[in-house]
$ cat run08.csv   # CSV, C-alpha atoms
chain,number,residue,atom,x,y,z
A,1,MET,CA,0.0,0.0,0.0
A,2,LYS,CA,2.9,2.3,0.8
A,3,ARG,CA,4.4,1.8,-2.7
A,4,ILE,CA,1.0,2.6,-4.3
A,5,TRP,CA,0.7,5.8,-2.3
A,6,GLN,CA,4.3,6.9,-3.3
A,7,PHE,CA,3.5,6.1,-7.0
A,8,CYS,CA,0.4,8.2,-6.9
A,9,LEU,CA,2.3,11.1,-5.3
A,10,VAL,CA,5.0,11.1,-7.9
A,11,PHE,CA,2.4,10.9,-10.7
A,12,VAL,CA,0.5,14.0,-9.3
A,13,LEU,CA,3.7,16.0,-9.0
A,14,ALA,CA,4.8,15.1,-12.5
A,15,LEU,CA,1.4,16.0,-13.9
A,16,GLY,CA,1.7,19.4,-12.1
A,17,VAL,CA,5.0,20.1,-13.8
A,18,LEU,CA,3.7,19.2,-17.2
A,19,VAL,CA,0.7,21.4,-16.8
A,20,GLY,CA,2.9,24.3,-15.5
A,21,CYS,CA,5.2,23.9,-18.6
A,22,GLY,CA,2.2,23.9,-20.8
A,23,GLN,CA,0.9,27.1,-19.3
A,24,THR,CA,4.3,28.7,-19.6
A,25,GLU,CA,4.5,27.8,-23.3
A,26,ASP,CA,0.9,29.0,-23.8
A,27,THR,CA,1.8,32.3,-22.1
A,28,LYS,CA,4.9,32.8,-24.2
A,29,LYS,CA,2.9,32.1,-27.4
A,30,LYS,CA,0.2,34.5,-26.3
A,31,GLU,CA,2.9,37.2,-25.5
A,32,ASN,CA,4.6,36.7,-28.9
A,33,SER,CA,1.3,36.8,-30.8
A,34,GLU,CA,0.2,40.2,-29.3
A,35,PRO,CA,0.4,42.9,-32.0
A,36,ALA,CA,3.1,45.5,-31.5
A,37,THR,CA,2.0,49.0,-30.7
A,38,GLU,CA,2.2,51.8,-33.2
A,39,GLN,CA,5.2,53.3,-31.4
A,40,GLN,CA,7.1,50.0,-31.4
A,41,VAL,CA,6.5,49.5,-35.1
A,42,ALA,CA,7.8,53.0,-35.8
A,43,GLY,CA,10.9,52.2,-33.7
A,44,TYR,CA,10.3,54.4,-30.7
A,45,PRO,CA,12.0,55.3,-28.5
A,46,LEU,CA,14.7,56.4,-30.9
A,47,THR,CA,17.8,58.6,-30.9
A,48,GLU,CA,19.0,60.7,-33.8
A,49,THR,CA,22.2,62.7,-34.0
A,50,ASP,CA,21.8,66.3,-35.3
A,51,ALA,CA,24.2,68.5,-37.2
A,52,LEU,CA,25.9,69.6,-34.0
A,53,GLY,CA,26.6,66.0,-32.9
A,54,ASN,CA,23.9,66.2,-30.2
A,55,ASP,CA,22.0,62.9,-29.6
A,56,VAL,CA,18.3,63.8,-29.5
A,57,LYS,CA,15.8,61.2,-28.1
A,58,PHE,CA,12.3,60.8,-29.3
A,59,THR,CA,9.9,58.7,-27.3
A,60,GLU,CA,7.1,59.0,-29.9
A,61,ALA,CA,6.3,60.9,-33.1
A,62,PRO,CA,6.1,64.6,-32.3
A,63,LYS,CA,2.5,65.9,-32.5
A,64,SER,CA,3.5,69.6,-32.6
A,65,ILE,CA,6.4,70.9,-34.6
A,66,ILE,CA,7.9,74.3,-35.3
A,67,THR,CA,10.3,74.6,-38.3
A,68,LEU,CA,12.7,77.5,-38.7
A,69,VAL,CA,13.7,77.4,-42.3
A,70,PRO,CA,11.8,76.8,-45.6
A,71,SER,CA,13.6,73.6,-46.7
A,72,ASN,CA,12.6,71.9,-43.4
A,73,THR,CA,9.0,73.1,-43.9
A,74,GLU,CA,8.8,71.7,-47.4
A,75,ILE,CA,10.1,68.3,-46.2
A,76,LEU,CA,7.6,68.2,-43.4
A,77,PHE,CA,4.7,69.1,-45.6
A,78,ALA,CA,5.7,66.6,-48.2
A,79,LEU,CA,5.7,63.9,-45.4
A,80,GLY,CA,2.0,64.8,-44.7
A,81,LEU,CA,2.6,66.6,-41.4
A,82,GLU,CA,0.6,69.7,-42.1
A,83,LYS,CA,-1.6,69.3,-39.0
A,84,GLU,CA,1.4,68.7,-36.8
A,85,ILE,CA,3.2,71.9,-37.9
A,86,THR,CA,2.4,74.7,-35.4
A,87,ALA,CA,4.5,77.5,-36.8
A,88,VAL,CA,7.0,78.4,-39.6
A,89,SER,CA,9.5,81.1,-40.4
A,90,ASP,CA,8.5,84.3,-42.2
A,91,ASN,CA,10.4,83.2,-45.3
A,92,ASP,CA,8.2,80.1,-45.9
A,93,ASP,CA,6.3,80.4,-49.1
A,94,TYR,CA,5.7,76.8,-50.2
A,95,PRO,CA,3.4,75.0,-50.2
A,96,LYS,CA,0.6,77.6,-50.0
A,97,ALA,CA,-0.6,76.1,-46.8
A,98,ALA,CA,2.7,77.1,-45.1
A,99,THR,CA,1.9,80.8,-45.7
A,100,LYS,CA,-1.2,80.4,-43.4
A,101,LYS,CA,0.7,79.0,-40.5
A,102,GLU,CA,1.8,81.0,-37.4
A,103,LYS,CA,5.0,83.0,-38.0
A,104,ILE,CA,8.0,83.1,-35.7
A,105,GLY,CA,10.4,85.5,-37.5
A,106,GLU,CA,13.2,85.1,-40.0
A,107,MET,CA,16.9,84.1,-39.4
A,108,GLU,CA,16.8,85.8,-36.0
A,109,PHE,CA,13.6,84.1,-34.8
A,110,ASN,CA,11.3,85.1,-31.9
A,111,ALA,CA,12.4,82.7,-29.2
A,112,GLU,CA,9.8,83.9,-26.7
A,113,LYS,CA,7.0,83.2,-29.1
A,114,ILE,CA,8.3,79.8,-29.9
A,115,ILE,CA,8.5,79.0,-26.2
A,116,SER,CA,5.0,80.2,-25.7
A,117,LEU,CA,3.7,77.8,-28.4
A,118,ASN,CA,5.5,74.9,-26.6
A,119,PRO,CA,6.1,72.6,-29.5
A,120,GLU,CA,7.3,69.0,-28.9
A,121,VAL,CA,10.2,69.6,-31.3
A,122,VAL,CA,11.8,72.6,-33.1
A,123,PHE,CA,13.5,71.7,-36.4
A,124,ALA,CA,16.3,74.2,-36.7
A,125,HIS,CA,19.0,74.3,-39.4
A,126,GLU,CA,22.8,74.4,-39.6
A,127,THR,CA,22.7,77.6,-41.6
A,128,LEU,CA,21.2,79.4,-38.5
A,129,LEU,CA,24.2,78.8,-36.3
A,130,GLY,CA,26.1,81.9,-37.3
A,131,THR,CA,23.2,84.3,-36.3
A,132,SER,CA,20.9,82.3,-33.9
A,133,GLU,CA,23.0,80.2,-31.6
A,134,ALA,CA,21.9,82.2,-28.6
A,135,GLY,CA,18.3,81.8,-29.6
A,136,LEU,CA,18.6,78.1,-30.0
A,137,GLN,CA,20.2,77.8,-26.6
A,138,GLN,CA,17.3,79.9,-25.1
A,139,LEU,CA,14.9,77.3,-26.5
A,140,ARG,CA,16.9,74.5,-25.0
A,141,ASP,CA,17.1,76.2,-21.6
A,142,ALA,CA,13.3,76.6,-21.7
A,143,GLY,CA,13.0,72.8,-22.0
A,144,LEU,CA,12.2,72.6,-25.7
A,145,LYS,CA,13.6,69.8,-27.8
A,146,VAL,CA,15.8,71.3,-30.6
A,147,PHE,CA,17.0,69.3,-33.6
A,148,VAL,CA,19.5,71.0,-35.9
A,149,VAL,CA,19.1,69.7,-39.4
A,150,LYS,CA,22.3,69.4,-41.4
A,151,ASN,CA,22.9,71.8,-44.3
A,152,ALA,CA,22.8,69.4,-47.2
A,153,LYS,CA,25.5,70.3,-49.8
A,154,ASN,CA,24.5,67.8,-52.5
A,155,PHE,CA,21.7,65.4,-53.6
A,156,ASP,CA,22.9,62.5,-51.5
A,157,GLU,CA,22.9,64.6,-48.3
A,158,THR,CA,19.5,66.0,-49.2
A,159,TYR,CA,18.1,62.4,-49.5
A,160,SER,CA,19.7,61.6,-46.1
A,161,THR,CA,18.1,64.7,-44.5
A,162,ILE,CA,14.6,63.9,-45.8
A,163,GLU,CA,14.9,60.3,-44.6
A,164,GLN,CA,16.2,61.4,-41.2
A,165,ILE,CA,13.3,63.8,-40.7
A,166,GLY,CA,11.0,61.0,-41.9
A,167,HIS,CA,12.4,58.6,-39.3
A,168,ILE,CA,12.0,61.1,-36.5
A,169,THR,CA,8.4,61.9,-37.3
A,170,GLY,CA,7.3,58.4,-37.9
A,171,LYS,CA,7.1,58.9,-41.7
A,172,ALA,CA,10.0,56.7,-42.8
A,173,ASP,CA,8.0,55.0,-45.6
A,174,GLU,CA,6.8,58.3,-46.9
A,175,ALA,CA,10.3,59.7,-46.8
A,176,LYS,CA,11.7,56.7,-48.8
A,177,LYS,CA,9.0,57.3,-51.4
A,178,ILE,CA,9.9,60.9,-51.7
A,179,THR,CA,13.7,60.2,-52.2
A,180,ASP,CA,12.9,57.3,-54.6
A,181,ASP,CA,10.8,59.6,-56.7
A,182,MET,CA,13.6,62.3,-56.6
A,183,LYS,CA,16.2,59.8,-57.7
A,184,ALA,CA,14.0,58.6,-60.6
A,185,LYS,CA,13.5,62.2,-61.7
A,186,VAL,CA,17.3,62.8,-61.7
A,187,LYS,CA,17.8,59.7,-63.8
A,188,GLU,CA,15.1,60.9,-66.2
A,189,VAL,CA,16.7,64.3,-66.7
A,190,GLN,CA,20.2,62.8,-67.1
A,191,ALA,CA,18.9,60.4,-69.8
A,192,LYS,CA,17.4,63.3,-71.8
A,193,VAL,CA,20.7,65.4,-71.8
A,194,LYS,CA,23.1,62.5,-72.1
A,195,ASP,CA,23.7,62.7,-75.8
A,196,VAL,CA,23.3,66.5,-76.4
A,197,LYS,CA,26.1,68.6,-77.6
A,198,GLN,CA,27.5,70.1,-74.4
A,199,LYS,CA,26.9,73.8,-73.9
A,200,SER,CA,28.4,76.2,-71.3
A,201,ALA,CA,26.5,78.3,-68.9
A,202,PHE,CA,27.0,81.1,-66.4
A,203,VAL,CA,24.8,81.5,-63.3
A,204,GLU,CA,24.3,84.6,-61.2
A,205,THR,CA,22.5,85.1,-58.0
A,206,SER,CA,22.5,88.9,-57.8
A,207,ASP,CA,22.5,91.9,-60.1
A,208,GLU,CA,25.4,94.4,-60.8
A,209,PRO,CA,27.4,96.0,-59.3
A,210,ASN,CA,27.8,93.0,-57.1
A,211,ILE,CA,27.3,90.0,-59.3
A,212,TYR,CA,27.8,86.6,-57.5
A,213,THR,CA,28.3,83.3,-59.2
A,214,ALA,CA,29.2,79.7,-58.4
A,215,GLY,CA,32.5,77.9,-59.0
A,216,LYS,CA,33.4,74.3,-58.2
A,217,ASP,CA,32.7,72.7,-54.8
A,218,THR,CA,29.2,74.2,-54.8
A,219,PHE,CA,25.7,72.7,-55.0
A,220,MET,CA,25.3,74.7,-58.3
A,221,GLN,CA,28.2,72.8,-59.8
A,222,GLU,CA,26.6,69.5,-59.0
A,223,LEU,CA,23.4,70.6,-60.8
A,224,PHE,CA,25.6,71.5,-63.8
A,225,ASP,CA,27.4,68.2,-63.7
A,226,LEU,CA,24.2,66.2,-63.5
A,227,ALA,CA,22.7,68.2,-66.3
A,228,ASN,CA,25.8,67.8,-68.6
A,229,ILE,CA,26.5,71.6,-68.5
A,230,LYS,CA,29.9,73.2,-68.6
A,231,ASN,CA,30.3,75.8,-65.9
A,232,VAL,CA,32.4,78.7,-67.3
A,233,THR,CA,33.5,79.6,-63.8
A,234,ALA,CA,34.5,76.1,-62.7
A,235,ASP,CA,38.1,77.1,-62.4
A,236,GLN,CA,37.2,79.0,-59.2
A,237,THR,CA,36.1,77.6,-55.9
A,238,GLY,CA,32.8,78.3,-54.0
A,239,TRP,CA,30.6,81.4,-54.5
A,240,PHE,CA,32.4,84.6,-55.5
A,241,GLN,CA,31.9,88.0,-56.9
A,242,ILE,CA,32.7,88.5,-60.6
A,243,ASP,CA,33.1,91.6,-62.8
A,244,PRO,CA,30.9,92.0,-65.9
A,245,GLU,CA,34.0,92.2,-68.1
A,246,GLU,CA,35.0,88.7,-66.9
A,247,ILE,CA,31.6,87.3,-67.8
A,248,VAL,CA,32.0,88.7,-71.3
A,249,LYS,CA,35.4,87.2,-71.6
A,250,ARG,CA,34.2,83.7,-70.6
A,251,ASN,CA,31.4,84.0,-73.2
A,252,PRO,CA,28.8,81.4,-71.9
A,253,ASP,CA,26.2,79.8,-74.3
A,254,THR,CA,23.5,80.4,-71.7
A,255,ILE,CA,23.2,82.9,-68.8
A,256,ILE,CA,21.0,81.6,-65.9
A,257,VAL,CA,19.6,84.3,-63.6
A,258,LYS,CA,18.7,82.8,-60.2
A,259,TYR,CA,16.9,85.7,-58.5
A,260,ASN,CA,13.6,87.5,-58.7
A,261,LEU,CA,13.9,91.0,-60.2
A,262,LYS,CA,11.4,92.6,-62.6
A,263,ASN,CA,12.7,92.8,-66.2
A,264,ILE,CA,16.1,91.4,-65.2
A,265,VAL,CA,16.5,89.3,-68.3
A,266,GLU,CA,16.3,92.4,-70.5
A,267,LYS,CA,18.5,94.3,-68.1
A,268,VAL,CA,21.2,91.6,-68.3
A,269,LYS,CA,21.1,91.7,-72.1
A,270,LYS,CA,21.7,95.5,-72.1
A,271,ARG,CA,24.7,95.4,-69.8
A,272,GLN,CA,27.8,97.1,-71.4
A,273,GLY,CA,29.6,94.7,-73.7
A,274,PHE,CA,27.1,91.8,-73.2
A,275,ASP,CA,25.9,92.1,-76.8
A,276,SER,CA,29.0,90.1,-77.8
A,277,ILE,CA,28.2,87.1,-75.5
A,278,THR,CA,26.8,84.1,-77.3
A,279,ALA,CA,24.0,83.7,-74.7
A,280,VAL,CA,22.8,87.2,-75.5
A,281,LYS,CA,23.2,86.9,-79.3
A,282,ASN,CA,21.1,83.7,-79.3
A,283,ASP,CA,18.5,85.0,-76.8
A,284,GLU,CA,19.5,82.4,-74.2
A,285,VAL,CA,19.3,84.5,-71.0
A,286,VAL,CA,16.9,82.6,-68.7
A,287,GLN,CA,15.4,83.4,-65.4
A,288,VAL,CA,14.7,80.4,-63.1
A,289,ASP,CA,13.0,80.0,-59.7
A,290,ALA,CA,15.7,80.6,-57.1
A,291,ASN,CA,13.9,78.5,-54.4
A,292,LEU,CA,13.2,75.6,-56.7
A,293,THR,CA,16.8,75.4,-57.8
A,294,SER,CA,18.4,75.8,-54.4
A,295,ARG,CA,16.3,74.6,-51.5
A,296,THR,CA,17.5,71.2,-50.4
A,297,GLY,CA,14.1,69.5,-50.2
A,298,PRO,CA,11.6,67.4,-52.1
A,299,ARG,CA,11.4,69.7,-55.1
A,300,LEU,CA,15.2,69.7,-55.8
A,301,ALA,CA,15.0,67.2,-58.6
A,302,GLU,CA,12.5,69.5,-60.3
A,303,GLY,CA,15.0,72.2,-59.9
A,304,LEU,CA,17.6,70.1,-61.7
A,305,GLU,CA,15.1,69.7,-64.6
A,306,VAL,CA,14.5,73.5,-64.7
A,307,ILE,CA,18.3,74.1,-65.0
A,308,ALA,CA,18.6,71.4,-67.7
A,309,LYS,CA,15.7,72.9,-69.6
A,310,ALA,CA,17.2,76.4,-69.4
A,311,VAL,CA,20.3,75.2,-71.4
A,312,TYR,CA,18.8,72.4,-73.4
A,313,PRO,CA,15.1,73.2,-74.1
A,314,GLU,CA,15.1,71.1,-77.2
A,315,ALA,CA,15.9,67.9,-75.1
A,316,PHE,CA,12.6,68.3,-73.3
A,317,GLU,CA,10.3,69.0,-76.2

$ encode --input "run08.csv" --output "structure tokens"
Amino acid sequence: MKRIWQFCLVFVLALGVLVGCGQTEDTKKKENSEPATEQQVAGYPLTETDALGNDVKFTEAPKSIITLVPSNTEILFALGLEKEITAVSDNDDYPKAATKKEKIGEMEFNAEKIISLNPEVVFAHETLLGTSEAGLQQLRDAGLKVFVVKNAKNFDETYSTIEQIGHITGKADEAKKITDDMKAKVKEVQAKVKDVKQKSAFVETSDEPNIYTAGKDTFMQELFDLANIKNVTADQTGWFQIDPEEIVKRNPDTIIVKYNLKNIVEKVKKRQGFDSITAVKNDEVVQVDANLTSRTGPRLAEGLEVIAKAVYPEAFE
């Protein structure tokens, strides 16, 4: 009888262990089968390093955003974040909806107003550091999260910037779609100008007496390279001031005017000595949208097409 009792006790204990193991496995399966939350899918919490090398942590997608420069604003709108954008800079003019947002000033923004709006994140920009470092620190001291976006110097850095902002805001898929579309547009433009007879061009961003143009190691040079255009000032580096006489000497096939001034095309043609330039003789002085061809945002590939069309209109007919 004693042996029978011992056997029964061992059987009961073994059964308990098996049941316990089964419950543990069922519990694990249940835990593993539970759907991930929206924040987990988006990868939150996440940490991104800004242009200053600061690691900025985001526990969730920001629901209220202030942007301090137009390129940031264009990216955020393209990502579908119109409702989240609380305020923008006074210089923001695209898209049209941006002009209706609360304004916080220009390069020297109104820090007090930004603080009063209490956004979850402020997207600043590397180009503001020379004039607005104190203002940015004031925002940080007030407890606001500031992310300084890198000043993109080429297409690849522009793609990275768009995708980084998309990652931060929970719009990674949308950002990837934007950059894929941009890359496709660049390839399309390159295909159209690949076999044209190369022409030269001169670009200016201001009128005389202080005419400024772009040499090598500039974003403008990359646009020219992608569009198969010879830059007549590529022997110089960066942006620099140039005399009208030097422009005449370099004799470009096309002159591209990248600023908004009424009747500027006719004014350029009438500059002293310009009647001998090939661009003027052939009526190839072209004014382009300065923002479209310089803002490092979603419309940049369109800007490349505008530059290419200015020099090779026949390739786009």

$ closest_residue --input "run08.csv" --among "A:Thr161, A:Gln241, A:Thr59, A:Thr127" --to "Ala175 in chain A" --atoms "only C-alpha atoms"
A:Thr161

$ closest_atom_pairs --input "run08.csv" --of "range 75-104 of chain A" --to "range 285-292 of chain A" --cutoff "12 Å" --atoms "only C-alpha atoms" --output "JSON lines"
{"residue": "A:Asn91", "atom": "CA", "partner": "A:Asn291", "partner_atom": "CA", "distance": 10.8}
{"residue": "A:Asp92", "atom": "CA", "partner": "A:Asn291", "partner_atom": "CA", "distance": 10.4}
{"residue": "A:Asp93", "atom": "CA", "partner": "A:Asn291", "partner_atom": "CA", "distance": 9.5}
{"residue": "A:Tyr94", "atom": "CA", "partner": "A:Asn291", "partner_atom": "CA", "distance": 9.4}
{"residue": "A:Pro95", "atom": "CA", "partner": "A:Leu292", "partner_atom": "CA", "distance": 11.8}

$ write_last_selection --input "run08.csv" --atoms "C-alpha atoms" --output "compact mmCIF listing (two decimals), keeping the file's coordinate frame"
# COMPACT_ATOMS: atom_id res chain seq x y z
CA ASN A 91 10.40 83.20 -45.30
CA ASP A 92 8.20 80.10 -45.90
CA ASP A 93 6.30 80.40 -49.10
CA TYR A 94 5.70 76.80 -50.20
CA PRO A 95 3.40 75.00 -50.20

$ closest_residue --input "run08.csv" --among "A:Asp207, A:Asp283, A:Glu314, A:Asp156" --to "Glu222 in chain A" --atoms "all atoms listed in the file"
A:Asp156

$ closest_residue --input "run08.csv" --among "A:Ala111, A:Ile229, A:Leu52, A:Ile264" --to "Gln138 in chain A" --atoms "all atoms listed in the file"
A:Ala111

$ residues_around --input "run08.csv" --residues "range 304-308 of chain A" --least-positions-apart "3" --cutoff "9 Å" --atoms "all atoms listed in the file" --output "number ranges by chain"
A: 185-186, 188-190, 193, 223-224, 226-229, 256, 288-289, 292-293, 300-301, 311-313, 315-316

$ atom_distance --input "run08.csv" --atom1 "CA of Gln236 in chain A" --atom2 "CA of Lys216 in chain A"
6.1 Å

$ atom_distance --input "run08.csv" --atom1 "CA of Ser160 in chain A" --atom2 "CA of Ser294 in chain A"
16.5 Å

$ closest_residue --input "run08.csv" --among "A:Phe123, A:Gln221, A:Phe147, A:Ile75" --to "Glu163 in chain A" --atoms "all atoms listed in the file"
A:Ile75

$ closest_residue --input "run08.csv" --among "A:Met182, A:Leu139, A:Ala172, A:Ala201" --to "Leu76 in chain A" --atoms "all atoms listed in the file"
A:Ala172

$ closest_residue --input "run08.csv" --among "A:Glu74, A:Glu108, A:Asp253, A:Asp243" --to "Asp90 in chain A" --atoms "all atoms listed in the file"
A:Glu108

$ atom_distance --input "run08.csv" --atom1 "CA of Thr49 in chain A" --atom2 "CA of Val149 in chain A"
9.4 Å

$ residues_around --input "run08.csv" --residues "Gly143 in chain A" --least-positions-apart "6" --cutoff "12 Å" --atoms "all atoms listed in the file" --output "JSON, numbers by chain"
{"A": [114, 115, 116, 118, 119, 120, 121, 122, 136, 137]}

$ residues_around --input "run08.csv" --residues "Lys150 in chain A" --least-positions-apart "3" --cutoff "8 Å" --atoms "only C-alpha atoms" --output "PyMOL selection string"
chain A and resi 50-51+125-126+161

$ residues_around --input "run08.csv" --residues "Pro252 in chain A" --least-positions-apart "6" --cutoff "7 Å" --atoms "all atoms listed in the file" --output "list in words"
Ser200, Ala201, Phe202, Val232, Ile277, Thr278 and Ala279 of chain A

$ axis_aligned_box --input "run08.csv" --around "range 261-276 of chain A" --padding-each-side "8 Å" --output "AutoDock Vina command-line options"
--center_x 20.5 --center_y 93.2 --center_z -69.0 --size_x 34.2 --size_y 23.8 --size_z 33.6
